[in-house]
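Peer 1: Here it is, the structure in full.
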Amino acid sequence: MARLDILKKQQARLSEDIAAMLDSFVIGSVARSPSMSGHNLTTKVQGKTVTRYVRKDLVPKVLEMSGRYKKLWSLMQELSKVNFEILRLEQS
C-alpha cells in the first residue's frame with residue numbers, strides 16, 4: 001500500500017474522530033477558587049481572561065468536556081501534520 005493511501009486513511013479516521021467530539025466540549029480550565037466556595041471555568045476571549053462560575057453539580061461534566069477539548073486539540077494538530085504530508089506527496 002502506498003504512503004499516500006495510508007495517509008488518506010489516517011486523515012479520514014482523524015476527521016471522523018474530530019467530528020464526533022465537536023458537539024460536546026468547552027474551552028478552558030476548571031479550578032476551585034481559593035477565596036470562594038465554588039469552581040470557575042477560566043478561558044481567554046480576545047486576549048482577556050474570562051471566568052465563569054460552575055455550579056457544584058456541573059463540575060464533573062465540565063471537567064470531562066474540558067478534557068475533551070484537550071483531546072480534540074491534539075487530534076487537530078495530528079490531522080494538520082497528516083494533511084501537510086498529503087499535500088507534500090501530491091505535489092511531488
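Lettering and numbering for the C-alpha cells are positional, with chains as A, B, ... in the shown order, residues counted from 1 in each chain, and ligands counted from 1 in the shown order.
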Please identify all polymer residues within 10 Å of His39 (chain A), counting only C-alpha atoms, omitting same-chain residues fewer than 3 positions from it, and present them as a PyMOL selection string.
Peer 2: chain A and resi 30-34+36+42+51-56+58-59
Peer 1: Would you put the residues from that selection into a file with C-alpha atoms, as a short mmCIF file (atom, residue, chain, number, x, y, z; two decimals), in the first residue's frame?
Peer 2:
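Listed below is the output, again.cif:
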```cif
data_model
loop_
_atom_site.label_atom_id
_atom_site.label_comp_id
_atom_site.auth_asym_id
_atom_site.auth_seq_id
_atom_site.Cartn_x
_atom_site.Cartn_y
_atom_site.Cartn_z
CA VAL A 30 -11.74 24.37 35.80
CA ALA A 31 -10.31 25.42 39.12
CA ARG A 32 -11.52 25.85 42.65
CA SER A 33 -11.40 29.44 43.73
CA PRO A 34 -9.36 29.87 46.92
CA MET A 36 -14.78 31.45 47.13
CA THR A 42 -11.42 30.24 33.03
CA THR A 51 -14.12 33.49 34.32
CA ARG A 52 -17.45 31.77 34.64
CA TYR A 53 -18.91 30.24 37.76
CA VAL A 54 -19.54 26.47 37.59
CA ARG A 55 -22.18 25.02 39.89
CA LYS A 56 -21.02 22.17 42.10
CA LEU A 58 -21.82 20.54 36.96
CA VAL A 59 -18.12 20.30 37.86
#
```
Peer 1: Can you pull out the residues contacting Leu63 (chain A)? Cut-off 10 Å, using only C-alpha atoms, and skip same-chain residues under 2 positions away; I want them as a PyMOL selection string.
Peer 2: chain A and resi 25-26+28-31+41+58-61+65-69
Peer 1: Quick check for you: according to DSSP on this backbone, which residues of chain A are classed as alpha helix (DSSP H)? Reply as a ChimeraX atom specification.
Peer 2: /A:3-21,59-91
Peer 1: Using only C-alpha atoms, which of the listed residues (A:Val50, A:Leu89, A:Leu75, A:Met1) sits closest to Ile27 (chain A)?
Peer 2: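 Of the candidates, the smallest distance to Ile27 (chain A) is held by A:Val50.
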Peer 1: In chain A, what's strand (DSSP E or B) per DSSP? Answer as a list in words?
Peer 2: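 Residues meeting the strand (DSSP E or B) criterion: Ser29, Val30, Ala31, Arg32, His39, Asn40, Leu41, Thr42, Thr43, Lys44, Val45, Lys48, Thr49, Val50, Thr51, Arg52, Tyr53 and Val54 of chain A.
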Peer 1: Quick one: residues within 9 Å of region 7-23 of chain A, only C-alpha atoms counted, chain neighbours fewer than 2 positions away excluded, as a VMD selection string?
Peer 2: chain A and resid 2 to 5 25 68 to 69 71 to 73 75 to 76 78 to 79 82 to 83 85 to 86
Peer 1: When you draw a straight line from CA of Ile6 (chain A) to CA of Ser74 (chain A), how long is it in Å?
Peer 2: 19.8 Å
Peer 1: Using CA of Glu64 (chain A) and CA of Ser24 (chain A) as the two end points, give the distance in Å to one decimal.
Peer 2: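 So the two atoms, CA of Glu64 (chain A) and CA of Ser24 (chain A), lie 9.4 Å apart.
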